[in-house]
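Have a look at work-v3.txt below; it lists compact mmCIF, N, CA and C atoms.
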# COMPACT_ATOMS: atom_id res chain seq x y z
N MET A 136 26.87 -26.01 -2.19
CA MET A 136 25.75 -25.96 -1.28
C MET A 136 24.73 -24.95 -1.81
N LEU A 137 23.48 -25.31 -1.76
CA LEU A 137 22.43 -24.43 -2.23
C LEU A 137 22.13 -23.37 -1.18
N LYS A 138 22.01 -22.14 -1.64
CA LYS A 138 21.62 -21.06 -0.74
C LYS A 138 20.85 -20.02 -1.52
N LEU A 139 20.02 -19.30 -0.80
CA LEU A 139 19.24 -18.24 -1.43
C LEU A 139 20.16 -17.06 -1.73
N PRO A 140 19.82 -16.26 -2.75
CA PRO A 140 20.69 -15.14 -3.11
C PRO A 140 20.69 -14.05 -2.06
N VAL A 141 21.78 -13.28 -2.03
CA VAL A 141 21.93 -12.16 -1.10
C VAL A 141 22.20 -10.89 -1.88
N CYS A 142 21.89 -9.76 -1.27
CA CYS A 142 22.18 -8.46 -1.87
C CYS A 142 23.70 -8.34 -2.01
N PRO A 143 24.19 -7.94 -3.17
CA PRO A 143 25.65 -7.84 -3.35
C PRO A 143 26.29 -6.69 -2.58
N TYR A 144 25.48 -5.79 -2.05
CA TYR A 144 26.02 -4.64 -1.32
C TYR A 144 25.97 -4.85 0.19
N CYS A 145 24.79 -5.11 0.73
CA CYS A 145 24.63 -5.21 2.19
C CYS A 145 24.49 -6.65 2.67
N HIS A 146 24.47 -7.61 1.76
CA HIS A 146 24.39 -9.05 2.06
C HIS A 146 23.12 -9.45 2.79
N THR A 147 22.04 -8.77 2.50
CA THR A 147 20.73 -9.15 3.03
C THR A 147 20.25 -10.38 2.28
N VAL A 148 19.84 -11.41 3.02
CA VAL A 148 19.37 -12.64 2.40
C VAL A 148 17.91 -12.45 1.98
N TYR A 149 17.63 -12.80 0.74
CA TYR A 149 16.26 -12.71 0.23
C TYR A 149 15.53 -14.01 0.49
N GLY A 150 14.27 -13.92 0.81
CA GLY A 150 13.46 -15.08 1.10
C GLY A 150 13.11 -15.86 -0.15
N TYR A 151 12.70 -17.10 0.06
CA TYR A 151 12.34 -18.01 -1.03
C TYR A 151 11.24 -17.40 -1.89
N LYS A 152 10.19 -16.90 -1.25
CA LYS A 152 9.05 -16.34 -1.98
C LYS A 152 9.44 -15.08 -2.75
N ASP A 153 10.30 -14.24 -2.15
CA ASP A 153 10.73 -13.02 -2.84
C ASP A 153 11.46 -13.34 -4.14
N VAL A 154 12.34 -14.32 -4.09
CA VAL A 154 13.11 -14.70 -5.28
C VAL A 154 12.21 -15.36 -6.32
N LEU A 155 11.30 -16.20 -5.87
CA LEU A 155 10.43 -16.93 -6.79
C LEU A 155 9.48 -15.99 -7.53
N LEU A 156 8.97 -14.98 -6.85
CA LEU A 156 7.99 -14.07 -7.46
C LEU A 156 8.61 -12.93 -8.25
N ASN A 157 9.87 -12.58 -7.97
CA ASN A 157 10.51 -11.46 -8.63
C ASN A 157 11.10 -11.90 -9.97
N LYS A 158 10.52 -11.43 -11.05
CA LYS A 158 10.97 -11.80 -12.39
C LYS A 158 11.70 -10.67 -13.09
N ASN A 159 11.90 -9.54 -12.43
CA ASN A 159 12.57 -8.40 -13.06
C ASN A 159 14.06 -8.66 -13.21
N LYS A 160 14.64 -8.11 -14.26
CA LYS A 160 16.09 -8.22 -14.47
C LYS A 160 16.83 -7.33 -13.49
N LYS A 161 16.32 -6.11 -13.27
CA LYS A 161 16.93 -5.19 -12.31
C LYS A 161 16.00 -5.05 -11.12
N SER A 162 16.59 -5.07 -9.92
CA SER A 162 15.80 -4.95 -8.70
C SER A 162 16.48 -3.98 -7.76
N THR A 163 15.74 -3.59 -6.72
CA THR A 163 16.26 -2.71 -5.69
C THR A 163 16.20 -3.44 -4.36
N CYS A 164 17.27 -3.36 -3.60
CA CYS A 164 17.32 -4.01 -2.30
C CYS A 164 16.35 -3.31 -1.35
N TYR A 165 15.56 -4.07 -0.64
CA TYR A 165 14.61 -3.48 0.30
C TYR A 165 15.30 -2.99 1.56
N HIS A 166 16.54 -3.36 1.78
CA HIS A 166 17.26 -2.96 2.98
C HIS A 166 18.11 -1.71 2.74
N CYS A 167 19.01 -1.76 1.74
CA CYS A 167 19.93 -0.64 1.49
C CYS A 167 19.49 0.25 0.33
N LYS A 168 18.42 -0.12 -0.37
CA LYS A 168 17.81 0.67 -1.46
C LYS A 168 18.73 0.84 -2.67
N ARG A 169 19.73 -0.03 -2.84
CA ARG A 169 20.60 0.05 -4.01
C ARG A 169 20.14 -0.95 -5.06
N LYS A 170 20.44 -0.64 -6.33
CA LYS A 170 19.99 -1.48 -7.44
C LYS A 170 21.02 -2.55 -7.76
N PHE A 171 20.52 -3.71 -8.21
CA PHE A 171 21.36 -4.82 -8.64
C PHE A 171 20.65 -5.59 -9.73
N THR A 172 21.39 -6.44 -10.41
CA THR A 172 20.79 -7.25 -11.47
C THR A 172 20.70 -8.70 -11.01
N GLN A 173 19.77 -9.41 -11.61
CA GLN A 173 19.61 -10.83 -11.31
C GLN A 173 20.22 -11.64 -12.44
N SER A 174 21.00 -12.63 -12.07
CA SER A 174 21.59 -13.53 -13.05
C SER A 174 20.97 -14.90 -12.88
N ARG A 175 20.15 -15.29 -13.84
CA ARG A 175 19.46 -16.58 -13.75
C ARG A 175 19.96 -17.58 -14.79
N LEU A 176 20.59 -17.13 -15.84
CA LEU A 176 20.92 -18.00 -16.96
C LEU A 176 21.84 -19.15 -16.56
N LYS A 177 22.96 -18.86 -15.93
CA LYS A 177 23.90 -19.92 -15.54
C LYS A 177 23.27 -20.89 -14.57
N GLY A 178 22.58 -20.37 -13.57
CA GLY A 178 21.95 -21.23 -12.58
C GLY A 178 20.86 -22.10 -13.16
N TYR A 179 20.02 -21.53 -14.00
CA TYR A 179 18.94 -22.31 -14.60
C TYR A 179 19.47 -23.33 -15.59
N LEU A 180 20.52 -22.98 -16.32
CA LEU A 180 21.12 -23.93 -17.24
C LEU A 180 21.68 -25.13 -16.46
N CYS A 181 22.35 -24.85 -15.36
CA CYS A 181 22.87 -25.92 -14.51
C CYS A 181 21.72 -26.77 -13.94
N LEU A 182 20.66 -26.12 -13.50
CA LEU A 182 19.51 -26.82 -12.95
C LEU A 182 18.84 -27.72 -13.99
N ILE A 183 18.70 -27.22 -15.21
CA ILE A 183 18.08 -28.01 -16.27
C ILE A 183 18.94 -29.23 -16.60
N LEU A 184 20.25 -29.03 -16.67
CA LEU A 184 21.14 -30.16 -16.95
C LEU A 184 21.06 -31.23 -15.85
N ILE A 185 21.01 -30.79 -14.61
CA ILE A 185 20.88 -31.74 -13.49
C ILE A 185 19.55 -32.49 -13.57
N ALA A 186 18.47 -31.76 -13.85
CA ALA A 186 17.14 -32.38 -13.92
C ALA A 186 17.05 -33.39 -15.06
N VAL A 187 17.60 -33.02 -16.22
CA VAL A 187 17.57 -33.95 -17.37
C VAL A 187 18.40 -35.19 -17.06
N PHE A 188 19.57 -35.01 -16.46
CA PHE A 188 20.43 -36.14 -16.13
C PHE A 188 19.74 -37.09 -15.16
N ILE A 189 19.15 -36.56 -14.10
CA ILE A 189 18.44 -37.39 -13.12
C ILE A 189 17.26 -38.11 -13.76
N SER A 190 16.51 -37.39 -14.58
CA SER A 190 15.34 -37.98 -15.24
C SER A 190 15.75 -39.11 -16.18
N VAL A 191 16.81 -38.91 -16.95
CA VAL A 191 17.26 -39.94 -17.89
C VAL A 191 17.75 -41.17 -17.14
N ILE A 192 18.52 -40.97 -16.08
CA ILE A 192 19.03 -42.12 -15.30
C ILE A 192 17.88 -42.93 -14.70
N ILE A 193 16.91 -42.25 -14.11
CA ILE A 193 15.78 -42.97 -13.50
C ILE A 193 14.94 -43.66 -14.56
N ASN A 194 14.73 -42.99 -15.70
CA ASN A 194 13.94 -43.61 -16.78
C ASN A 194 14.64 -44.83 -17.37
N ILE A 195 15.95 -44.78 -17.50
CA ILE A 195 16.69 -45.96 -17.97
C ILE A 195 16.54 -47.10 -16.97
N PHE A 196 16.60 -46.78 -15.70
CA PHE A 196 16.42 -47.79 -14.66
C PHE A 196 15.02 -48.41 -14.76
N ILE A 197 14.00 -47.58 -14.98
CA ILE A 197 12.62 -48.07 -15.10
C ILE A 197 12.48 -48.97 -16.33
N ILE A 198 13.09 -48.59 -17.45
CA ILE A 198 13.01 -49.40 -18.67
C ILE A 198 13.65 -50.77 -18.44
N ASN A 199 14.76 -50.80 -17.70
CA ASN A 199 15.42 -52.08 -17.43
C ASN A 199 14.63 -52.95 -16.46
N LEU A 200 13.83 -52.35 -15.59
CA LEU A 200 13.02 -53.12 -14.64
C LEU A 200 11.79 -53.74 -15.30
N VAL A 201 11.18 -52.99 -16.19
CA VAL A 201 9.92 -53.43 -16.81
C VAL A 201 10.23 -54.08 -18.15
N ALA A 202 9.62 -55.26 -18.37
CA ALA A 202 9.88 -56.00 -19.61
C ALA A 202 9.19 -55.36 -20.81
N ASN A 203 8.00 -54.83 -20.61
CA ASN A 203 7.23 -54.24 -21.70
C ASN A 203 7.42 -52.72 -21.66
N ILE A 204 7.88 -52.15 -22.77
CA ILE A 204 8.16 -50.71 -22.84
C ILE A 204 6.89 -49.87 -22.69
N ILE A 205 5.75 -50.39 -23.16
CA ILE A 205 4.50 -49.63 -23.07
C ILE A 205 4.05 -49.51 -21.62
N SER A 206 4.26 -50.54 -20.83
CA SER A 206 3.88 -50.44 -19.42
C SER A 206 4.84 -49.56 -18.63
N ALA A 207 5.99 -49.22 -19.20
CA ALA A 207 6.95 -48.35 -18.53
C ALA A 207 6.69 -46.87 -18.82
N LEU A 208 5.82 -46.57 -19.77
CA LEU A 208 5.59 -45.17 -20.15
C LEU A 208 4.97 -44.35 -19.03
N VAL A 209 4.00 -44.91 -18.32
CA VAL A 209 3.34 -44.15 -17.25
C VAL A 209 4.33 -43.84 -16.11
N PRO A 210 5.09 -44.82 -15.60
CA PRO A 210 6.07 -44.47 -14.56
C PRO A 210 7.14 -43.50 -15.05
N MET A 211 7.55 -43.63 -16.30
CA MET A 211 8.54 -42.70 -16.85
C MET A 211 7.98 -41.28 -16.93
N PHE A 212 6.72 -41.17 -17.32
CA PHE A 212 6.07 -39.86 -17.38
C PHE A 212 5.96 -39.25 -15.98
N ILE A 213 5.55 -40.08 -15.02
CA ILE A 213 5.42 -39.60 -13.63
C ILE A 213 6.77 -39.12 -13.09
N VAL A 214 7.82 -39.87 -13.36
CA VAL A 214 9.16 -39.48 -12.91
C VAL A 214 9.59 -38.17 -13.57
N SER A 215 9.37 -38.05 -14.85
CA SER A 215 9.78 -36.83 -15.57
C SER A 215 9.04 -35.59 -15.04
N VAL A 216 7.73 -35.72 -14.84
CA VAL A 216 6.95 -34.60 -14.30
C VAL A 216 7.39 -34.27 -12.88
N SER A 217 7.66 -35.29 -12.09
CA SER A 217 8.13 -35.05 -10.72
C SER A 217 9.46 -34.33 -10.69
N VAL A 218 10.37 -34.68 -11.56
CA VAL A 218 11.68 -34.01 -11.63
C VAL A 218 11.51 -32.55 -12.05
N VAL A 219 10.62 -32.29 -12.99
CA VAL A 219 10.37 -30.91 -13.42
C VAL A 219 9.78 -30.08 -12.27
N ILE A 220 8.84 -30.66 -11.53
CA ILE A 220 8.24 -29.94 -10.39
C ILE A 220 9.29 -29.65 -9.32
N ILE A 221 10.11 -30.63 -9.01
CA ILE A 221 11.18 -30.42 -8.02
C ILE A 221 12.16 -29.37 -8.50
N ALA A 222 12.50 -29.39 -9.79
CA ALA A 222 13.40 -28.38 -10.35
C ALA A 222 12.81 -26.98 -10.22
N PHE A 223 11.51 -26.85 -10.47
CA PHE A 223 10.86 -25.55 -10.30
C PHE A 223 10.90 -25.10 -8.85
N LEU A 224 10.71 -26.02 -7.92
CA LEU A 224 10.69 -25.67 -6.50
C LEU A 224 12.06 -25.25 -5.98
N VAL A 225 13.13 -25.79 -6.54
CA VAL A 225 14.47 -25.41 -6.07
C VAL A 225 15.09 -24.31 -6.94
N SER A 226 14.38 -23.80 -7.93
CA SER A 226 14.93 -22.79 -8.83
C SER A 226 15.40 -21.51 -8.13
N PRO A 227 14.76 -21.01 -7.04
CA PRO A 227 15.29 -19.82 -6.39
C PRO A 227 16.71 -19.99 -5.82
N PHE A 228 17.12 -21.21 -5.59
CA PHE A 228 18.46 -21.45 -5.07
C PHE A 228 19.52 -21.33 -6.16
N PHE A 229 19.11 -21.21 -7.41
CA PHE A 229 20.04 -21.11 -8.53
C PHE A 229 20.08 -19.70 -9.12
N VAL A 230 19.59 -18.72 -8.39
CA VAL A 230 19.60 -17.32 -8.81
C VAL A 230 20.73 -16.61 -8.08
N SER A 231 21.42 -15.72 -8.78
CA SER A 231 22.45 -14.92 -8.11
C SER A 231 22.22 -13.45 -8.42
N TYR A 232 22.59 -12.60 -7.49
CA TYR A 232 22.46 -11.16 -7.66
C TYR A 232 23.84 -10.56 -7.87
N ARG A 233 23.91 -9.59 -8.77
CA ARG A 233 25.19 -8.96 -9.11
C ARG A 233 25.07 -7.45 -9.00
N LYS A 234 26.20 -6.82 -8.67
CA LYS A 234 26.25 -5.36 -8.58
C LYS A 234 26.14 -4.75 -9.97
N ILE A 235 25.55 -3.55 -10.01
CA ILE A 235 25.51 -2.77 -11.25
C ILE A 235 26.73 -1.86 -11.22
N LYS A 236 27.47 -1.82 -12.31
CA LYS A 236 28.67 -0.97 -12.35
C LYS A 236 28.27 0.48 -12.16
N GLY A 237 28.98 1.17 -11.30
CA GLY A 237 28.70 2.57 -11.03
C GLY A 237 27.73 2.80 -9.89
N GLU A 238 26.98 1.78 -9.50
CA GLU A 238 26.00 1.93 -8.42
C GLU A 238 26.70 2.09 -7.07
N ALA A 239 27.78 1.37 -6.86
CA ALA A 239 28.50 1.45 -5.58
C ALA A 239 29.11 2.83 -5.40
N GLU A 240 29.71 3.39 -6.46
CA GLU A 240 30.31 4.72 -6.37
C GLU A 240 29.25 5.78 -6.10
N LYS A 241 28.10 5.63 -6.75
CA LYS A 241 27.01 6.58 -6.56
C LYS A 241 26.53 6.54 -5.11
N TYR A 242 26.46 5.34 -4.54
CA TYR A 242 26.01 5.19 -3.17
C TYR A 242 27.01 5.81 -2.20
N ILE A 243 28.30 5.62 -2.44
CA ILE A 243 29.33 6.19 -1.57
C ILE A 243 29.25 7.70 -1.60
N GLU A 244 29.09 8.30 -2.79
CA GLU A 244 28.96 9.74 -2.91
C GLU A 244 27.73 10.25 -2.16
N THR A 245 26.62 9.55 -2.29
CA THR A 245 25.39 9.94 -1.61
C THR A 245 25.57 9.88 -0.10
N LYS A 246 26.18 8.81 0.40
CA LYS A 246 26.40 8.67 1.84
C LYS A 246 27.32 9.77 2.35
N THR A 247 28.36 10.13 1.58
CA THR A 247 29.28 11.18 1.99
C THR A 247 28.55 12.51 2.09
N ILE A 248 27.72 12.80 1.10
CA ILE A 248 26.94 14.05 1.11
C ILE A 248 26.00 14.06 2.30
N GLU A 249 25.30 12.93 2.55
CA GLU A 249 24.37 12.86 3.67
C GLU A 249 25.09 13.04 5.00
N SER A 250 26.25 12.40 5.17
CA SER A 250 26.97 12.51 6.44
C SER A 250 27.48 13.93 6.63
N THR A 251 27.92 14.58 5.54
CA THR A 251 28.36 15.97 5.63
C THR A 251 27.20 16.87 6.02
N GLU A 252 26.02 16.65 5.44
CA GLU A 252 24.85 17.46 5.78
C GLU A 252 24.45 17.25 7.23
N ILE A 253 24.53 16.03 7.72
CA ILE A 253 24.19 15.75 9.11
C ILE A 253 25.16 16.45 10.05
N LYS A 254 26.45 16.42 9.73
CA LYS A 254 27.45 17.11 10.55
C LYS A 254 27.19 18.61 10.57
N ASN A 255 26.85 19.17 9.39
CA ASN A 255 26.56 20.61 9.33
C ASN A 255 25.34 20.96 10.17
N ILE A 256 24.33 20.11 10.14
CA ILE A 256 23.12 20.36 10.94
C ILE A 256 23.46 20.31 12.43
N LYS A 257 24.26 19.33 12.83
CA LYS A 257 24.65 19.21 14.24
C LYS A 257 25.45 20.43 14.68
N VAL A 258 26.35 20.91 13.82
CA VAL A 258 27.15 22.10 14.15
C VAL A 258 26.24 23.30 14.29
N LYS A 259 25.29 23.48 13.38
CA LYS A 259 24.37 24.61 13.44
C LYS A 259 23.54 24.55 14.72
N LYS A 260 23.08 23.37 15.11
CA LYS A 260 22.28 23.24 16.33
C LYS A 260 23.12 23.55 17.56
N SER A 261 24.37 23.09 17.58
CA SER A 261 25.20 23.35 18.75
C SER A 261 25.54 24.83 18.84
N VAL A 262 25.75 25.50 17.71
CA VAL A 262 26.02 26.94 17.72
C VAL A 262 24.80 27.69 18.21
N LYS A 263 23.61 27.31 17.74
CA LYS A 263 22.37 27.96 18.19
C LYS A 263 22.18 27.75 19.69
N HIS A 264 22.46 26.56 20.16
CA HIS A 264 22.31 26.25 21.58
C HIS A 264 23.27 27.10 22.42
N LYS A 265 24.50 27.28 21.97
CA LYS A 265 25.49 28.11 22.68
C LYS A 265 25.05 29.57 22.68
N LEU A 266 24.53 30.04 21.54
CA LEU A 266 24.07 31.43 21.46
C LEU A 266 22.91 31.68 22.41
N LYS A 267 22.01 30.71 22.53
CA LYS A 267 20.88 30.87 23.46
C LYS A 267 21.37 30.93 24.90
N LYS A 268 22.35 30.12 25.25
CA LYS A 268 22.91 30.12 26.60
C LYS A 268 23.57 31.47 26.90
N ASP A 269 24.32 31.98 25.91
CA ASP A 269 25.00 33.27 26.10
C ASP A 269 23.98 34.40 26.26
N ASN A 270 22.87 34.33 25.55
CA ASN A 270 21.84 35.37 25.64
C ASN A 270 21.14 35.34 27.00
N HIS A 271 21.00 34.15 27.59
CA HIS A 271 20.36 34.05 28.90
C HIS A 271 21.27 34.58 29.99
N ASN A 272 22.54 34.54 29.81
CA ASN A 272 23.50 35.01 30.83
C ASN A 272 23.69 36.45 30.70

Step by step, read the file and then write its structure as structure tokens.
Amino acid sequence: MLKLPVCPYCHTVYGYKDVLLNKNKKSTCYHCKRKFTQSRLKGYLCLILIAVFISVIINIFIINLVANIISALVPMFIVSVSVVIIAFLVSPFFVSYRKIKGEAEKYIETKTIESTEIKNIKVKKSVKHKLKKDNHN
């Protein structure tokens, strides 16, 4: 089943236009801000093979329908161009995103540090609040 690619970390689904316009090998997720790579080679190779197969089958069918090969050239050309255009339009569905090695560990370390800092700030605020209460009494 065809589906648009998702972030390998937070599983955010990327839109059709985002995938089509983004040509970078490495990207950053707009949701979790972690980096990942785009893998297009396998998907595009599969897409090209499917497009060529469909185009050849339809062109063979057109050649068998039309007695004169010269009169079959225009419909064959139209079919081939149409298949290429359709292949371009569905190309974002053949892109996959992959994790960068070491990026997940770096993110976990960062989150641990941030959560520890938040806990320390909360403790400091609660201590200050208690000290203010004691001073008022």

*Pairwise distance for CA of Ala202 in chain A and CA of Ile221 in chain A, rounded to one decimal in Å*: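 Between CA of Ala202 in chain A and CA of Ile221 in chain A the gap is 28.1 Å.
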
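The interatomic distance for the pair atom N of Val219 in chain A and CA of Ala186 in chain A works out to 6.6 Å.
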
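Shortest separation to Val218 in chain A among A:Ile235, A:Ile193, A:Cys142, A:Ile205 occurs at residue A:Ile193, atoms counted being only C-alpha atoms.
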
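Across the structure, CA of Gly178 in chain A and CA of Lys152 in chain A are spaced 17.4 Å apart.
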
_Selected residue of minimal separation from Ile195 in chain A among A:Arg175, A:Met211, A:His166, A:Leu155, counting only C-alpha atoms_ = A:Met211

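Nearest residue to Pro140 in chain A among A:Ile192, A:Leu182, A:Val154, A:Ile220 is A:Val154, counting only N, CA and C atoms.
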
Listed atoms of range 165-178 of chain A boxed along x, y and z, 5 Å each side, centre and edge lengths in Å, one decimal, as lines of an AutoDock Vina configuration file:
center_x = 19.3
center_y = -10.6
center_z = -7.0
size_x = 19.3
size_y = 32.9
size_z = 29.9

Closest pair table for range 206-235 of chain A residues within 12 Å of range 197-200 of chain A, only C-alpha atoms, as JSON lines:
{"residue": "A:Ser206", "atom": "CA", "partner": "A:Ile198", "partner_atom": "CA", "distance": 9.2}
{"residue": "A:Ala207", "atom": "CA", "partner": "A:Ile198", "partner_atom": "CA", "distance": 6.2}
{"residue": "A:Leu208", "atom": "CA", "partner": "A:Ile198", "partner_atom": "CA", "distance": 8.7}
{"residue": "A:Val209", "atom": "CA", "partner": "A:Ile197", "partner_atom": "CA", "distance": 10.3}
{"residue": "A:Pro210", "atom": "CA", "partner": "A:Ile197", "partner_atom": "CA", "distance": 7.5}
{"residue": "A:Met211", "atom": "CA", "partner": "A:Ile197", "partner_atom": "CA", "distance": 7.0}
{"residue": "A:Phe212", "atom": "CA", "partner": "A:Ile197", "partner_atom": "CA", "distance": 10.7}
{"residue": "A:Ile213", "atom": "CA", "partner": "A:Ile197", "partner_atom": "CA", "distance": 11.2}
{"residue": "A:Val214", "atom": "CA", "partner": "A:Ile197", "partner_atom": "CA", "distance": 9.5}
{"residue": "A:Ser215", "atom": "CA", "partner": "A:Ile197", "partner_atom": "CA", "distance": 11.6}
